$ cat run-v3.tsv   # TSV, C-alpha atoms
chain	number	residue	atom	x	y	z
A	29	MET	CA	37.99	-14.82	23.36
A	30	ARG	CA	41.38	-13.29	24.10
A	31	ARG	CA	41.48	-9.90	25.75
A	32	SER	CA	43.95	-7.13	25.07
A	33	VAL	CA	45.86	-5.20	27.67
A	34	GLY	CA	43.64	-2.31	28.87
A	35	ILE	CA	45.29	0.14	26.51
A	36	GLY	CA	42.93	-0.07	23.52
A	37	VAL	CA	42.32	3.63	23.52
A	38	VAL	CA	41.99	6.43	21.09
A	39	ILE	CA	45.37	7.73	20.07
A	40	ILE	CA	45.50	9.59	16.86
A	41	GLY	CA	48.20	10.10	14.45
A	42	GLY	CA	50.60	11.83	12.27
A	43	GLY	CA	54.02	12.97	13.38
A	44	VAL	CA	55.75	15.44	15.62
A	45	LEU	CA	57.50	18.49	14.20
A	46	ALA	CA	60.74	19.46	15.86
A	47	GLY	CA	62.24	22.93	15.91
A	48	VAL	CA	59.24	24.74	14.48
A	49	GLY	CA	59.07	28.37	15.63
A	50	SER	CA	55.44	28.88	14.64
A	51	ALA	CA	52.95	27.12	12.43
A	52	VAL	CA	51.86	28.40	9.05
A	53	ASP	CA	48.25	28.15	7.98
A	54	GLY	CA	48.35	27.30	4.29
A	55	SER	CA	44.82	28.58	3.64
A	56	GLN	CA	45.57	32.08	4.96
A	57	GLY	CA	49.36	32.22	4.50
A	58	HIS	CA	50.24	33.66	7.92
A	59	ALA	CA	52.23	32.53	10.93
A	60	PHE	CA	50.49	32.12	14.28
A	61	GLU	CA	51.13	30.77	17.75
A	62	CYS	CA	48.99	28.08	19.34
A	63	ASN	CA	47.76	27.64	22.91
A	64	ASP	CA	45.25	25.41	24.70
A	65	ALA	CA	42.36	27.48	23.30
A	66	THR	CA	43.44	26.54	19.74
A	67	LEU	CA	41.81	23.15	20.43
A	68	ARG	CA	38.17	23.81	21.06
A	69	GLY	CA	35.22	21.91	19.67
A	70	THR	CA	34.47	18.40	18.45
A	71	TYR	CA	36.83	16.44	16.21
A	72	GLY	CA	36.18	13.28	14.21
A	73	ILE	CA	39.07	10.85	14.53
A	74	GLN	CA	40.27	7.94	12.41
A	75	MET	CA	43.09	5.75	13.71
A	76	THR	CA	45.12	2.67	12.86
A	77	GLY	CA	47.97	0.76	14.44
A	78	SER	CA	48.72	-2.08	16.84
A	79	ARG	CA	48.55	-2.80	20.56
A	80	PRO	CA	49.77	-5.56	22.89
A	81	LEU	CA	47.70	-8.57	23.87
A	82	ALA	CA	47.53	-9.75	27.49
A	83	GLU	CA	48.73	-13.21	26.38
A	84	GLY	CA	51.73	-11.75	24.56
A	85	GLY	CA	52.19	-10.57	21.02
A	86	THR	CA	50.31	-7.74	19.37
A	87	GLU	CA	47.19	-7.21	17.32
A	88	PRO	CA	46.37	-4.73	14.56
A	89	VAL	CA	43.67	-2.20	15.51
A	90	ILE	CA	41.49	0.32	13.70
A	91	GLY	CA	39.07	2.82	15.14
A	92	VAL	CA	36.99	5.96	14.99
A	93	ALA	CA	36.05	8.43	17.71
A	94	LEU	CA	34.52	11.77	18.57
A	95	ARG	CA	36.64	13.93	20.87
A	96	THR	CA	35.55	17.29	22.30
A	97	TYR	CA	38.26	19.69	23.47
A	98	ASP	CA	37.18	22.42	25.93
A	99	GLY	CA	39.86	24.98	24.98
A	100	ALA	CA	41.25	24.86	28.53
A	101	GLY	CA	43.29	21.63	28.61
A	102	ASN	CA	40.61	18.92	29.00
A	103	TYR	CA	38.71	16.67	26.61
A	104	THR	CA	36.02	14.01	26.55
A	105	GLN	CA	35.53	11.37	23.90
A	106	ILE	CA	33.53	8.39	22.68
A	107	ASP	CA	35.64	5.82	20.84
A	108	ASN	CA	35.08	2.64	18.86
A	109	LEU	CA	38.24	0.55	18.61
A	110	LYS	CA	38.39	-2.84	16.88
A	111	GLY	CA	41.23	-5.32	17.35
A	112	ALA	CA	41.92	-8.16	14.93
A	113	VAL	CA	41.93	-10.63	17.86
A	114	THR	CA	39.82	-8.99	20.57
A	115	GLY	CA	37.03	-7.55	18.40
A	116	ILE	CA	35.23	-4.24	18.87
A	117	VAL	CA	34.50	-2.25	21.99
A	118	PRO	CA	31.70	0.10	20.89
A	119	ASP	CA	30.87	3.56	22.20
A	120	ARG	CA	33.39	3.62	25.05
A	121	PRO	CA	33.50	6.97	26.90
A	122	GLY	CA	36.79	8.48	27.97
A	123	PHE	CA	38.45	11.70	29.06
A	124	GLY	CA	41.89	13.22	29.25
A	125	THR	CA	44.04	16.32	29.37
A	126	TYR	CA	46.20	18.16	26.86
A	127	GLN	CA	48.77	20.94	26.71
A	128	VAL	CA	49.45	22.97	23.56
A	129	ASN	CA	52.81	24.62	22.89
A	130	PRO	CA	53.25	27.94	21.02
A	131	ASP	CA	54.81	26.05	18.05
A	132	CYS	CA	51.52	24.11	17.63
A	133	THR	CA	52.84	20.82	18.98
A	134	ALA	CA	50.88	19.29	21.85
A	135	VAL	CA	50.86	16.47	24.37
A	136	GLY	CA	47.70	14.59	25.35
A	137	ARG	CA	47.20	12.16	28.23
A	138	LEU	CA	44.43	9.62	28.58
A	139	GLU	CA	43.91	7.23	31.51
A	140	PRO	CA	41.90	4.30	30.09
A	141	ALA	CA	42.23	2.28	33.30
A	142	PRO	CA	43.57	3.02	36.80
A	143	GLY	CA	47.35	3.28	36.70
A	144	ILE	CA	47.61	3.19	32.90
A	145	VAL	CA	48.40	6.49	31.19
A	146	VAL	CA	48.58	6.72	27.41
A	147	GLU	CA	50.49	9.71	26.08
A	148	GLU	CA	50.06	11.06	22.57
A	149	ARG	CA	52.17	13.63	20.73
A	150	MET	CA	50.28	15.90	18.38
A	151	VAL	CA	50.83	18.50	15.67
A	152	ILE	CA	48.06	21.07	15.10
A	153	VAL	CA	47.58	22.31	11.54
A	154	GLY	CA	45.21	24.68	9.73
A	155	ASP	CA	44.55	27.03	12.68
A	156	GLY	CA	43.34	24.06	14.72
A	157	ARG	CA	41.09	22.50	12.08
A	158	GLU	CA	43.18	19.31	11.98
A	159	ILE	CA	45.43	17.37	14.36
A	160	ARG	CA	47.89	14.61	13.53
A	161	ALA	CA	49.16	12.47	16.39
A	162	ILE	CA	51.01	9.34	17.43
A	163	SER	CA	51.04	7.29	20.60
A	164	ALA	CA	54.26	8.04	22.49
A	165	SER	CA	53.84	5.76	25.50
A	166	PRO	CA	53.46	3.11	26.68
A	167	LEU	CA	56.00	1.78	24.23
A	168	PRO	CA	54.07	-1.26	22.86
A	169	VAL	CA	51.11	0.87	21.72
A	170	MET	CA	51.70	1.97	18.10
A	171	ILE	CA	48.62	3.91	16.99
A	172	SER	CA	48.42	6.93	14.71
A	173	GLY	CA	45.56	8.91	13.25
A	174	VAL	CA	44.08	12.17	12.09
A	175	GLN	CA	41.56	14.38	13.85
A	176	LYS	CA	39.39	16.83	11.88
A	177	ARG	CA	37.27	19.46	13.57
A	178	ILE	CA	33.57	19.05	12.81
A	179	ASP	CA	32.32	21.95	14.97
A	180	ARG	CA	33.68	24.71	17.16
A	181	ARG	CA	32.10	25.33	20.55
$ encode --input "run-v3.tsv" --output "structure tokens"
Amino acid sequence: MRRSVGIGVVIIGGGVLAGVGSAVDGSQGHAFECNDATLRGTYGIQMTGSRPLAEGGTEPVIGVALRTYDGAGNYTQIDNLKGAVTGIVPDRPGFGTYQVNPDCTAVGRLEPAPGIVVEERMVIVGDGREIRAISASPLPVMISGVQKRIDRR
């Protein structure tokens, strides 16, 4: 069985908004500013994309995860990522950090293995009920997804 580079990690998707002064919550019709406390609670995540293989080339991947944000810049997660070549890695624990900007964009960092840092860029919508994100680095990882809050702690 071929093994992928140790970057098969939960990175969730959408896009990054540029030049947004503040976010607008469509359900309540008001502008608000975000901060680290905007992300608090457990989110269900669905992701899709591709990642590099250790032998060269890439493989398509899909996955689901539960991620719990603490509202203070840290998170823990359990992910299940399946590669078309490498298969599934079930129930893998992980942790990382995040920083939320007032315009409701955010940056997350996950270290799936020593010396490997995966960065994701996120956009927070709906007063923090949903997050859309993409992998920003390392360059060969191309994973996007959506996170939806399932509880607030």
$ residues_near_point --input "run-v3.tsv" --point "(38.3, 23.7, 19.6)" --cutoff "12 Å" --atoms "all atoms listed in the file" --output "ChimeraX atom specification"
/A:62-72,95-103,128,152,155-159,175-181
$ residues_around --input "run-v3.tsv" --residues "Gln74 of chain A" --least-positions-apart "6" --cutoff "6 Å" --atoms "all atoms listed in the file" --output "number ranges by chain"
A: 91-92, 173-174
$ closest_residue --input "run-v3.tsv" --among "A:Thr76, A:Ser172, A:Ser165, A:Thr114" --to "Ile144 of chain A" --atoms "all atoms listed in the file"
A:Ser165
$ atom_distance --input "run-v3.tsv" --atom1 "atom CA of Ser78 of chain A" --atom2 "atom CA of Ala164 of chain A"
12.8 Å
$ atom_distance --input "run-v3.tsv" --atom1 "atom CA of Gln105 of chain A" --atom2 "atom CA of Pro88 of chain A"
21.5 Å
$ atom_distance --input "run-v3.tsv" --atom1 "atom CA of Met170 of chain A" --atom2 "atom CA of Val89 of chain A"
9.4 Å
$ closest_residue --input "run-v3.tsv" --among "A:Leu94, A:Ala161, A:Val135, A:Lys110" --to "Gly122 of chain A" --atoms "all atoms listed in the file"
A:Leu94
$ closest_residue --input "run-v3.tsv" --among "A:Gly111, A:Gly124, A:Gly154, A:Gly84" --to "Gly136 of chain A" --atoms "all atoms listed in the file"
A:Gly124
$ closest_residue --input "run-v3.tsv" --among "A:Ile162, A:Val145, A:Ile116, A:Leu167" --to "Gly77 of chain A" --atoms "only C-alpha atoms"
A:Ile162
$ closest_residue --input "run-v3.tsv" --among "A:Glu61, A:Glu83, A:Glu148, A:Asp107" --to "Cys132 of chain A" --atoms "only C-alpha atoms"
A:Glu61
$ closest_residue --input "run-v3.tsv" --among "A:Val169, A:Ala141, A:Leu109, A:Val146" --to "Arg79 of chain A" --atoms "only C-alpha atoms"
A:Val169
